[in-house]
Structures are given as C-alpha cells and as structure tokens.
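Visitor: Structure: query.cif, mmCIF, N, CA and C atoms.
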```cif
data_my_file
loop_
_atom_site.label_atom_id
_atom_site.label_comp_id
_atom_site.auth_asym_id
_atom_site.auth_seq_id
_atom_site.Cartn_x
_atom_site.Cartn_y
_atom_site.Cartn_z
N GLN C 1 0.84 -1.18 0.00
CA GLN C 1 0.00 0.00 0.00
C GLN C 1 0.88 1.24 0.00
N ILE C 2 0.55 2.20 -0.83
CA ILE C 2 1.32 3.44 -0.92
C ILE C 2 0.91 4.39 0.18
N GLN C 3 1.90 4.90 0.90
CA GLN C 3 1.63 5.85 1.97
C GLN C 3 2.63 7.00 1.94
N LEU C 4 2.14 8.18 2.24
CA LEU C 4 2.97 9.36 2.41
C LEU C 4 2.62 9.95 3.77
N VAL C 5 3.62 10.24 4.57
CA VAL C 5 3.38 10.77 5.91
C VAL C 5 4.30 11.96 6.15
N GLU C 6 3.69 13.11 6.41
CA GLU C 6 4.44 14.33 6.67
C GLU C 6 4.77 14.45 8.16
N SER C 7 5.84 15.17 8.43
CA SER C 7 6.22 15.50 9.81
C SER C 7 7.04 16.78 9.79
N GLY C 8 7.21 17.35 10.98
CA GLY C 8 8.06 18.52 11.10
C GLY C 8 7.34 19.85 11.24
N GLY C 9 6.02 19.82 11.14
CA GLY C 9 5.28 21.06 11.31
C GLY C 9 5.30 21.54 12.75
N GLY C 10 4.80 22.74 12.96
CA GLY C 10 4.75 23.27 14.31
C GLY C 10 4.52 24.76 14.31
N LEU C 11 4.77 25.35 15.47
CA LEU C 11 4.60 26.78 15.68
C LEU C 11 5.97 27.44 15.65
N VAL C 12 6.11 28.49 14.87
CA VAL C 12 7.39 29.18 14.75
C VAL C 12 7.14 30.67 14.60
N GLN C 13 8.05 31.47 15.10
CA GLN C 13 7.91 32.91 14.96
C GLN C 13 8.29 33.35 13.55
N ALA C 14 7.73 34.45 13.14
CA ALA C 14 8.08 35.02 11.84
C ALA C 14 9.59 35.24 11.77
N GLY C 15 10.15 34.89 10.62
CA GLY C 15 11.59 34.97 10.44
C GLY C 15 12.32 33.68 10.77
N GLY C 16 11.63 32.76 11.39
CA GLY C 16 12.23 31.49 11.79
C GLY C 16 12.24 30.47 10.67
N SER C 17 12.66 29.26 11.03
CA SER C 17 12.80 28.18 10.06
C SER C 17 12.15 26.90 10.55
N LEU C 18 11.72 26.09 9.60
CA LEU C 18 11.24 24.74 9.86
C LEU C 18 11.67 23.86 8.72
N ARG C 19 11.82 22.57 9.01
CA ARG C 19 12.07 21.60 7.95
C ARG C 19 11.00 20.53 8.01
N LEU C 20 10.27 20.41 6.93
CA LEU C 20 9.26 19.38 6.82
C LEU C 20 9.84 18.15 6.14
N SER C 21 9.35 17.00 6.55
CA SER C 21 9.76 15.74 5.93
C SER C 21 8.52 14.98 5.49
N CYS C 22 8.68 14.23 4.42
CA CYS C 22 7.60 13.38 3.93
C CYS C 22 8.20 12.00 3.65
N ALA C 23 7.83 11.05 4.47
CA ALA C 23 8.31 9.68 4.28
C ALA C 23 7.34 8.92 3.41
N THR C 24 7.86 8.24 2.41
CA THR C 24 7.02 7.51 1.47
C THR C 24 7.27 6.01 1.58
N SER C 25 6.24 5.26 1.35
CA SER C 25 6.37 3.81 1.29
C SER C 25 5.45 3.28 0.21
N PRO C 26 5.79 2.17 -0.45
CA PRO C 26 6.96 1.34 -0.19
C PRO C 26 8.28 1.94 -0.65
N SER C 27 8.22 2.83 -1.65
CA SER C 27 9.45 3.43 -2.14
C SER C 27 9.13 4.72 -2.88
N MET C 28 9.94 5.74 -2.69
CA MET C 28 9.72 7.00 -3.39
C MET C 28 10.05 6.88 -4.87
N SER C 29 10.78 5.85 -5.24
CA SER C 29 11.18 5.70 -6.64
C SER C 29 9.99 5.44 -7.57
N ILE C 30 8.85 5.08 -7.00
CA ILE C 30 7.68 4.86 -7.86
C ILE C 30 7.09 6.17 -8.34
N PHE C 31 7.48 7.28 -7.71
CA PHE C 31 6.96 8.59 -8.10
C PHE C 31 7.97 9.34 -8.94
N ASN C 32 7.52 9.93 -10.03
CA ASN C 32 8.46 10.71 -10.83
C ASN C 32 8.49 12.17 -10.40
N ILE C 33 7.45 12.60 -9.70
CA ILE C 33 7.44 13.97 -9.18
C ILE C 33 6.94 13.94 -7.73
N MET C 34 7.69 14.57 -6.85
CA MET C 34 7.25 14.77 -5.47
C MET C 34 7.02 16.26 -5.26
N GLY C 35 6.00 16.58 -4.47
CA GLY C 35 5.70 17.98 -4.28
C GLY C 35 5.18 18.29 -2.90
N TRP C 36 5.27 19.57 -2.57
CA TRP C 36 4.67 20.11 -1.36
C TRP C 36 3.61 21.12 -1.77
N TYR C 37 2.46 21.01 -1.13
CA TYR C 37 1.36 21.93 -1.34
C TYR C 37 0.92 22.43 0.04
N ARG C 38 0.20 23.52 0.05
CA ARG C 38 -0.30 24.03 1.32
C ARG C 38 -1.69 24.61 1.15
N GLN C 39 -2.40 24.63 2.26
CA GLN C 39 -3.75 25.19 2.26
C GLN C 39 -3.92 26.04 3.50
N ALA C 40 -4.16 27.32 3.29
CA ALA C 40 -4.42 28.24 4.38
C ALA C 40 -5.92 28.24 4.66
N PRO C 41 -6.30 28.63 5.86
CA PRO C 41 -7.73 28.66 6.20
C PRO C 41 -8.53 29.51 5.22
N GLY C 42 -9.59 28.94 4.69
CA GLY C 42 -10.46 29.67 3.78
C GLY C 42 -9.93 29.82 2.38
N LYS C 43 -8.80 29.18 2.09
CA LYS C 43 -8.21 29.30 0.76
C LYS C 43 -8.05 27.93 0.11
N GLN C 44 -7.84 27.95 -1.20
CA GLN C 44 -7.63 26.71 -1.92
C GLN C 44 -6.20 26.20 -1.70
N ARG C 45 -6.06 24.90 -1.87
CA ARG C 45 -4.73 24.30 -1.79
C ARG C 45 -3.88 24.82 -2.95
N GLU C 46 -2.63 25.14 -2.65
CA GLU C 46 -1.76 25.70 -3.68
C GLU C 46 -0.41 25.00 -3.69
N LEU C 47 0.20 25.04 -4.86
CA LEU C 47 1.53 24.47 -5.02
C LEU C 47 2.56 25.30 -4.27
N VAL C 48 3.47 24.61 -3.58
CA VAL C 48 4.60 25.28 -2.94
C VAL C 48 5.87 25.00 -3.73
N ALA C 49 6.15 23.70 -3.93
CA ALA C 49 7.38 23.32 -4.63
C ALA C 49 7.26 21.88 -5.11
N THR C 50 7.97 21.58 -6.19
CA THR C 50 8.04 20.21 -6.67
C THR C 50 9.49 19.86 -7.02
N VAL C 51 9.77 18.57 -6.99
CA VAL C 51 11.09 18.08 -7.41
C VAL C 51 10.87 16.81 -8.22
N SER C 52 11.52 16.74 -9.36
CA SER C 52 11.38 15.56 -10.21
C SER C 52 12.39 14.49 -9.82
N ALA C 53 12.23 13.32 -10.42
CA ALA C 53 13.17 12.24 -10.15
C ALA C 53 14.59 12.61 -10.56
N SER C 54 14.71 13.47 -11.55
CA SER C 54 16.03 13.91 -12.01
C SER C 54 16.59 15.05 -11.18
N GLY C 55 15.78 15.55 -10.24
CA GLY C 55 16.24 16.62 -9.37
C GLY C 55 15.83 18.02 -9.79
N ARG C 56 15.08 18.12 -10.87
CA ARG C 56 14.62 19.44 -11.30
C ARG C 56 13.59 19.96 -10.30
N THR C 57 13.74 21.21 -9.91
CA THR C 57 12.84 21.81 -8.92
C THR C 57 12.01 22.94 -9.52
N ASN C 58 10.89 23.18 -8.86
CA ASN C 58 9.99 24.24 -9.27
C ASN C 58 9.38 24.83 -8.01
N TYR C 59 9.28 26.16 -7.96
CA TYR C 59 8.78 26.83 -6.76
C TYR C 59 7.69 27.84 -7.10
N ALA C 60 6.78 28.00 -6.18
CA ALA C 60 5.85 29.12 -6.26
C ALA C 60 6.64 30.41 -6.07
N ASP C 61 6.20 31.45 -6.74
CA ASP C 61 6.91 32.74 -6.64
C ASP C 61 6.99 33.21 -5.20
N SER C 62 5.97 32.93 -4.43
CA SER C 62 5.89 33.44 -3.05
C SER C 62 6.93 32.82 -2.13
N VAL C 63 7.53 31.70 -2.53
CA VAL C 63 8.50 31.03 -1.65
C VAL C 63 9.90 30.99 -2.25
N LYS C 64 10.06 31.45 -3.46
CA LYS C 64 11.38 31.41 -4.10
C LYS C 64 12.41 32.17 -3.27
N GLY C 65 13.57 31.55 -3.09
CA GLY C 65 14.62 32.17 -2.31
C GLY C 65 14.51 31.93 -0.81
N ARG C 66 13.38 31.38 -0.37
CA ARG C 66 13.19 31.11 1.07
C ARG C 66 13.04 29.62 1.35
N PHE C 67 12.40 28.90 0.45
CA PHE C 67 12.16 27.47 0.64
C PHE C 67 13.03 26.66 -0.31
N THR C 68 13.41 25.48 0.15
CA THR C 68 14.18 24.56 -0.68
C THR C 68 13.59 23.15 -0.55
N ILE C 69 13.27 22.56 -1.70
CA ILE C 69 12.77 21.19 -1.72
C ILE C 69 13.92 20.27 -2.13
N SER C 70 13.96 19.11 -1.51
CA SER C 70 14.99 18.13 -1.86
C SER C 70 14.44 16.73 -1.62
N ARG C 71 15.06 15.76 -2.24
CA ARG C 71 14.63 14.39 -2.05
C ARG C 71 15.84 13.50 -1.80
N ASP C 72 15.66 12.57 -0.88
CA ASP C 72 16.69 11.59 -0.55
C ASP C 72 16.13 10.23 -0.91
N ASN C 73 16.52 9.74 -2.07
CA ASN C 73 15.94 8.49 -2.55
C ASN C 73 16.30 7.30 -1.66
N ALA C 74 17.48 7.35 -1.06
CA ALA C 74 17.89 6.24 -0.19
C ALA C 74 17.00 6.15 1.05
N LYS C 75 16.52 7.30 1.49
CA LYS C 75 15.67 7.33 2.69
C LYS C 75 14.19 7.39 2.34
N ASN C 76 13.89 7.42 1.04
CA ASN C 76 12.48 7.50 0.61
C ASN C 76 11.78 8.69 1.24
N THR C 77 12.46 9.81 1.25
CA THR C 77 11.95 10.99 1.95
C THR C 77 12.18 12.24 1.10
N VAL C 78 11.20 13.11 1.11
CA VAL C 78 11.34 14.42 0.49
C VAL C 78 11.24 15.47 1.58
N TYR C 79 12.02 16.51 1.44
CA TYR C 79 12.10 17.54 2.47
C TYR C 79 11.67 18.90 1.92
N LEU C 80 11.25 19.75 2.84
CA LEU C 80 11.01 21.14 2.50
C LEU C 80 11.64 21.98 3.60
N GLN C 81 12.75 22.61 3.26
CA GLN C 81 13.40 23.53 4.20
C GLN C 81 12.78 24.90 4.01
N MET C 82 12.23 25.43 5.08
CA MET C 82 11.54 26.71 5.02
C MET C 82 12.27 27.70 5.90
N ASN C 83 12.78 28.75 5.30
CA ASN C 83 13.50 29.80 6.02
C ASN C 83 12.76 31.13 5.87
N SER C 84 13.10 32.06 6.74
CA SER C 84 12.49 33.39 6.68
C SER C 84 10.97 33.30 6.60
N LEU C 85 10.40 32.51 7.48
CA LEU C 85 8.96 32.28 7.42
C LEU C 85 8.18 33.55 7.68
N LYS C 86 7.06 33.65 6.98
CA LYS C 86 6.16 34.80 7.10
C LYS C 86 4.80 34.34 7.62
N LEU C 87 4.05 35.29 8.12
CA LEU C 87 2.72 34.96 8.63
C LEU C 87 1.89 34.25 7.56
N GLU C 88 2.04 34.69 6.32
CA GLU C 88 1.24 34.13 5.23
C GLU C 88 1.67 32.72 4.83
N ASP C 89 2.71 32.19 5.43
CA ASP C 89 3.10 30.81 5.18
C ASP C 89 2.30 29.84 6.05
N THR C 90 1.51 30.36 6.94
CA THR C 90 0.69 29.52 7.82
C THR C 90 -0.29 28.68 7.00
N GLY C 91 -0.41 27.43 7.37
CA GLY C 91 -1.35 26.54 6.70
C GLY C 91 -1.02 25.09 6.95
N VAL C 92 -1.83 24.23 6.36
CA VAL C 92 -1.54 22.80 6.41
C VAL C 92 -0.72 22.46 5.16
N TYR C 93 0.40 21.81 5.39
CA TYR C 93 1.31 21.45 4.30
C TYR C 93 1.13 19.97 3.97
N TYR C 94 0.94 19.70 2.69
CA TYR C 94 0.70 18.35 2.21
C TYR C 94 1.81 17.91 1.27
N CYS C 95 2.15 16.66 1.40
CA CYS C 95 3.09 16.03 0.48
C CYS C 95 2.29 15.30 -0.59
N ARG C 96 2.79 15.32 -1.81
CA ARG C 96 2.09 14.68 -2.92
C ARG C 96 3.09 13.94 -3.80
N GLY C 97 2.71 12.75 -4.21
CA GLY C 97 3.52 11.97 -5.12
C GLY C 97 2.75 11.72 -6.41
N GLU C 98 3.42 11.90 -7.53
CA GLU C 98 2.79 11.71 -8.83
C GLU C 98 3.56 10.65 -9.63
N ARG C 99 2.80 9.84 -10.32
CA ARG C 99 3.40 8.87 -11.23
C ARG C 99 2.44 8.66 -12.39
N PRO C 100 2.95 8.21 -13.53
CA PRO C 100 2.10 8.05 -14.71
C PRO C 100 0.96 7.06 -14.48
N PHE C 101 -0.17 7.37 -15.13
CA PHE C 101 -1.32 6.46 -15.17
C PHE C 101 -1.90 6.17 -13.79
N ASP C 102 -1.74 7.13 -12.87
CA ASP C 102 -2.30 6.96 -11.54
C ASP C 102 -2.70 8.33 -11.02
N SER C 103 -3.69 8.33 -10.13
CA SER C 103 -4.07 9.58 -9.47
C SER C 103 -2.97 9.97 -8.48
N PRO C 104 -2.80 11.26 -8.21
CA PRO C 104 -1.79 11.68 -7.22
C PRO C 104 -2.08 11.08 -5.85
N HIS C 105 -1.01 10.80 -5.14
CA HIS C 105 -1.13 10.31 -3.77
C HIS C 105 -0.75 11.42 -2.80
N TRP C 106 -1.56 11.58 -1.76
CA TRP C 106 -1.38 12.66 -0.79
C TRP C 106 -1.13 12.11 0.61
N GLY C 107 -0.38 12.89 1.38
CA GLY C 107 -0.27 12.60 2.80
C GLY C 107 -1.39 13.31 3.54
N PRO C 108 -1.53 13.04 4.84
CA PRO C 108 -2.60 13.64 5.63
C PRO C 108 -2.36 15.10 5.97
N GLY C 109 -1.12 15.58 5.83
CA GLY C 109 -0.82 16.98 6.09
C GLY C 109 -0.19 17.22 7.46
N THR C 110 0.52 18.33 7.56
CA THR C 110 1.11 18.77 8.82
C THR C 110 0.91 20.27 8.95
N GLN C 111 0.53 20.71 10.15
CA GLN C 111 0.20 22.12 10.37
C GLN C 111 1.46 22.94 10.59
N VAL C 112 1.54 24.05 9.90
CA VAL C 112 2.60 25.04 10.11
C VAL C 112 1.92 26.35 10.51
N THR C 113 2.30 26.88 11.66
CA THR C 113 1.74 28.14 12.13
C THR C 113 2.88 29.10 12.38
N VAL C 114 2.81 30.24 11.72
CA VAL C 114 3.82 31.28 11.88
C VAL C 114 3.19 32.42 12.67
N SER C 115 3.82 32.77 13.78
CA SER C 115 3.28 33.80 14.65
C SER C 115 4.14 35.06 14.58
N SER C 116 3.52 36.17 14.95
CA SER C 116 4.25 37.45 14.91
C SER C 116 5.00 37.69 16.20
#
```
Could I get this file's structure written as structure tokens?
Guide:
Amino acid sequence: QIQLVESGGGLVQAGGSLRLSCATSPSMSIFNIMGWYRQAPGKQRELVATVSASGRTNYADSVKGRFTISRDNAKNTVYLQMNSLKLEDTGVYYCRGERPFDSPHWGPGTQVTVSS
C-alpha cells in the first residue's frame, strides 16, 4: 500500500525556520514527481514546490529564495526547508507523489503556524 506521511510542522515565529519531511512507502522511486502543497484557512490548496526524479525543482513565486525542496531516494523521503517564514506561510502542508497512469497520492498533512 502506498503511503505518504508528513512530519516537522509546528509553531514558529516570523523569520524562523522549519524543515518538513515526507516519508514515502513502499518506495519514493515509484513517483516521478514529489511535491509540497499548502492550504491556508479559507483558501484553496496551492503548489509550494516540486522536485522531479532527475532533481529538477519548481517553486511558487511566493517562496522562491526562502524554501528549498529536496529528495533523498535512499531514505524515501522528500524535504522542505523553510526559512524566513512569514505569517502568510501559515497553513496545512501536504506532500504529494505523482506517477504516470495513476491519481496523485497525498499525505494527511502537517500544520505550520507562523506567529508574529
């Protein structure tokens, strides 16, 4: 059974940092694209960052220069390093795995709250 589980969320002051992790099973190699998405209260879920199997990355304009996505295939884990956090980064962060001929797989999410 395919599972994605996020961790690393929490409460942080503006300007601080957090690192999110997403552990995948049985193996992250089944996904050609891994991504992080977020959903703020009252808003639609939005793309934060993606990383392909080849290591190509893509970021939302709002996080460029502050967030870094990476994947460790040996650990079957994708990370999101978040620096210089802003109040507007608050939300539930979801991990997503994509592969051909299948619907995307999502994790249950982890809450990130940035306080002033």
Visitor: Show which residues sit within 6.5 Å of region 22-30 of chain C, as a list of chain:residue names. Count only N, CA and C atoms, and ignore same-chain residues fewer than 4 positions away.
Guide: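 In the requested format, the answer is C:Gln1, C:Ile2, C:Gln3, C:Leu4, C:Val5, C:Glu6, C:Ser7, C:Asn73, C:Lys75, C:Asn76, C:Thr77, C:Val78, C:Tyr79, C:Leu80, C:Cys95, C:Glu98, C:Arg99.
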Visitor: Taking the chain letters and numbering used in this document, name the residues of chain C that DSSP puts in strand (DSSP E), as a PyMOL selection string.
Guide: chain C and resi 3-7+10-13+18-25+33-39+46-52+57-59+67-72+77-82+91-98+105-106+110-115
Visitor: Selection in question (the file shown): the PyMOL selection byres (((chain C and resi 68 and name CA) around 12) and name CA). Which residues does it include, as a ChimeraX atom specification?
Guide: /C:17-21,35-36,48-51,55-60,63-67,69-71,78-84
Visitor: What is the CA of Asp72 (chain C)-atom N of Pro41 (chain C) distance in Å, reported with one decimal?
Guide: 29.3 Å
Visitor: Take atom C of Arg96 (chain C) and atom C of Gly10 (chain C) and report the distance between them in Å, one decimal.
Guide: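 Going from atom C of Arg96 (chain C) over to atom C of Gly10 (chain C), I get 21.1 Å.
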Visitor: Have a look at C:Leu85, C:Val114, C:Val92, C:Leu11 and name the one nearest to Glu46 (chain C); count only C-alpha atoms.
Guide: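 So, comparing all the options, the nearest one is C:Val92.
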Visitor: Expand the PyMOL selection byres (((chain C and resi 113 and name CA) around 8) and name CA) into the explicit residue set it covers here, and present it as a list in words.
Guide: Gly9, Gly10, Leu11, Val12, Leu87, Asp89, Thr90, Gly91, Gln111, Val112, Val114 and Ser115 of chain C
Visitor: Could you please determine the separation between CA of Pro100 (chain C) and atom C of Arg38 (chain C) in Å, to one decimal place?
Guide: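 That distance, rounded to one decimal, is 23.2 Å.
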Visitor: Generate a file for region 86-98 of chain C, containing all heavy atoms, as a JSON list (two decimals), in the first residue's frame.
Guide:
```json
[["chain", "number", "residue", "atom", "x", "y", "z"],
["C", 86, "LYS", "N", 7.06, 33.65, 6.98],
["C", 86, "LYS", "CA", 6.16, 34.80, 7.10],
["C", 86, "LYS", "C", 4.80, 34.34, 7.62],
["C", 86, "LYS", "O", 4.46, 33.15, 7.54],
["C", 86, "LYS", "CB", 5.99, 35.45, 5.72],
["C", 86, "LYS", "CG", 7.28, 35.90, 5.07],
["C", 86, "LYS", "CD", 7.01, 36.48, 3.68],
["C", 86, "LYS", "CE", 8.29, 36.92, 3.00],
["C", 86, "LYS", "NZ", 8.03, 37.49, 1.65],
["C", 87, "LEU", "N", 4.05, 35.29, 8.12],
["C", 87, "LEU", "CA", 2.72, 34.96, 8.63],
["C", 87, "LEU", "C", 1.89, 34.25, 7.56],
["C", 87, "LEU", "O", 1.13, 33.32, 7.86],
["C", 87, "LEU", "CB", 2.00, 36.22, 9.09],
["C", 87, "LEU", "CG", 2.62, 36.99, 10.26],
["C", 87, "LEU", "CD1", 1.79, 38.24, 10.57],
["C", 87, "LEU", "CD2", 2.72, 36.11, 11.49],
["C", 88, "GLU", "N", 2.04, 34.69, 6.32],
["C", 88, "GLU", "CA", 1.24, 34.13, 5.23],
["C", 88, "GLU", "C", 1.67, 32.72, 4.83],
["C", 88, "GLU", "O", 1.04, 32.11, 3.95],
["C", 88, "GLU", "CB", 1.25, 35.05, 4.01],
["C", 88, "GLU", "CG", 2.64, 35.45, 3.55],
["C", 88, "GLU", "CD", 3.07, 36.80, 4.09],
["C", 88, "GLU", "OE1", 2.80, 37.09, 5.29],
["C", 88, "GLU", "OE2", 3.71, 37.57, 3.34],
["C", 89, "ASP", "N", 2.71, 32.19, 5.43],
["C", 89, "ASP", "CA", 3.10, 30.81, 5.18],
["C", 89, "ASP", "C", 2.30, 29.84, 6.05],
["C", 89, "ASP", "O", 2.43, 28.62, 5.89],
["C", 89, "ASP", "CB", 4.60, 30.60, 5.45],
["C", 89, "ASP", "CG", 5.48, 31.36, 4.49],
["C", 89, "ASP", "OD1", 5.16, 31.39, 3.28],
["C", 89, "ASP", "OD2", 6.50, 31.93, 4.94],
["C", 90, "THR", "N", 1.51, 30.36, 6.94],
["C", 90, "THR", "CA", 0.69, 29.52, 7.82],
["C", 90, "THR", "C", -0.29, 28.68, 7.00],
["C", 90, "THR", "O", -0.91, 29.19, 6.07],
["C", 90, "THR", "CB", -0.08, 30.38, 8.82],
["C", 90, "THR", "OG1", 0.85, 31.00, 9.71],
["C", 90, "THR", "CG2", -1.07, 29.55, 9.62],
["C", 91, "GLY", "N", -0.41, 27.43, 7.37],
["C", 91, "GLY", "CA", -1.35, 26.54, 6.70],
["C", 91, "GLY", "C", -1.02, 25.09, 6.95],
["C", 91, "GLY", "O", -0.06, 24.78, 7.67],
["C", 92, "VAL", "N", -1.83, 24.23, 6.36],
["C", 92, "VAL", "CA", -1.54, 22.80, 6.41],
["C", 92, "VAL", "C", -0.72, 22.46, 5.16],
["C", 92, "VAL", "O", -1.12, 22.80, 4.04],
["C", 92, "VAL", "CB", -2.84, 21.98, 6.44],
["C", 92, "VAL", "CG1", -2.49, 20.48, 6.48],
["C", 92, "VAL", "CG2", -3.68, 22.35, 7.65],
["C", 93, "TYR", "N", 0.40, 21.81, 5.39],
["C", 93, "TYR", "CA", 1.31, 21.45, 4.30],
["C", 93, "TYR", "C", 1.13, 19.97, 3.97],
["C", 93, "TYR", "O", 1.19, 19.11, 4.86],
["C", 93, "TYR", "CB", 2.74, 21.76, 4.69],
["C", 93, "TYR", "CG", 3.06, 23.23, 4.59],
["C", 93, "TYR", "CD1", 2.48, 24.15, 5.46],
["C", 93, "TYR", "CD2", 3.91, 23.72, 3.59],
["C", 93, "TYR", "CE1", 2.74, 25.51, 5.35],
["C", 93, "TYR", "CE2", 4.18, 25.07, 3.48],
["C", 93, "TYR", "CZ", 3.60, 25.95, 4.36],
["C", 93, "TYR", "OH", 3.86, 27.31, 4.24],
["C", 94, "TYR", "N", 0.94, 19.70, 2.69],
["C", 94, "TYR", "CA", 0.70, 18.35, 2.21],
["C", 94, "TYR", "C", 1.81, 17.91, 1.27],
["C", 94, "TYR", "O", 2.27, 18.67, 0.42],
["C", 94, "TYR", "CB", -0.62, 18.28, 1.46],
["C", 94, "TYR", "CG", -1.84, 18.63, 2.28],
["C", 94, "TYR", "CD1", -2.33, 19.92, 2.32],
["C", 94, "TYR", "CD2", -2.52, 17.64, 2.99],
["C", 94, "TYR", "CE1", -3.46, 20.25, 3.06],
["C", 94, "TYR", "CE2", -3.65, 17.95, 3.73],
["C", 94, "TYR", "CZ", -4.11, 19.25, 3.76],
["C", 94, "TYR", "OH", -5.23, 19.56, 4.49],
["C", 95, "CYS", "N", 2.15, 16.66, 1.40],
["C", 95, "CYS", "CA", 3.09, 16.03, 0.48],
["C", 95, "CYS", "C", 2.29, 15.30, -0.59],
["C", 95, "CYS", "O", 1.23, 14.74, -0.31],
["C", 95, "CYS", "CB", 3.95, 15.04, 1.28],
["C", 95, "CYS", "SG", 5.13, 14.10, 0.31],
["C", 96, "ARG", "N", 2.79, 15.32, -1.81],
["C", 96, "ARG", "CA", 2.09, 14.68, -2.92],
["C", 96, "ARG", "C", 3.09, 13.94, -3.80],
["C", 96, "ARG", "O", 4.16, 14.46, -4.11],
["C", 96, "ARG", "CB", 1.36, 15.75, -3.72],
["C", 96, "ARG", "CG", 0.84, 15.31, -5.08],
["C", 96, "ARG", "CD", -0.04, 16.37, -5.68],
["C", 96, "ARG", "NE", -0.01, 16.36, -7.12],
["C", 96, "ARG", "CZ", -0.96, 16.85, -7.90],
["C", 96, "ARG", "NH1", -2.02, 17.38, -7.37],
["C", 96, "ARG", "NH2", -0.83, 16.80, -9.21],
["C", 97, "GLY", "N", 2.71, 12.75, -4.21],
["C", 97, "GLY", "CA", 3.52, 11.97, -5.12],
["C", 97, "GLY", "C", 2.75, 11.72, -6.41],
["C", 97, "GLY", "O", 1.57, 11.37, -6.37],
["C", 98, "GLU", "N", 3.42, 11.90, -7.53],
["C", 98, "GLU", "CA", 2.79, 11.71, -8.83],
["C", 98, "GLU", "C", 3.56, 10.65, -9.63],
["C", 98, "GLU", "O", 4.78, 10.62, -9.62],
["C", 98, "GLU", "CB", 2.82, 13.01, -9.63],
["C", 98, "GLU", "CG", 2.09, 14.16, -8.99],
["C", 98, "GLU", "CD", 2.25, 15.44, -9.78],
["C", 98, "GLU", "OE1", 2.20, 15.38, -11.02],
["C", 98, "GLU", "OE2", 2.47, 16.50, -9.16]]
```
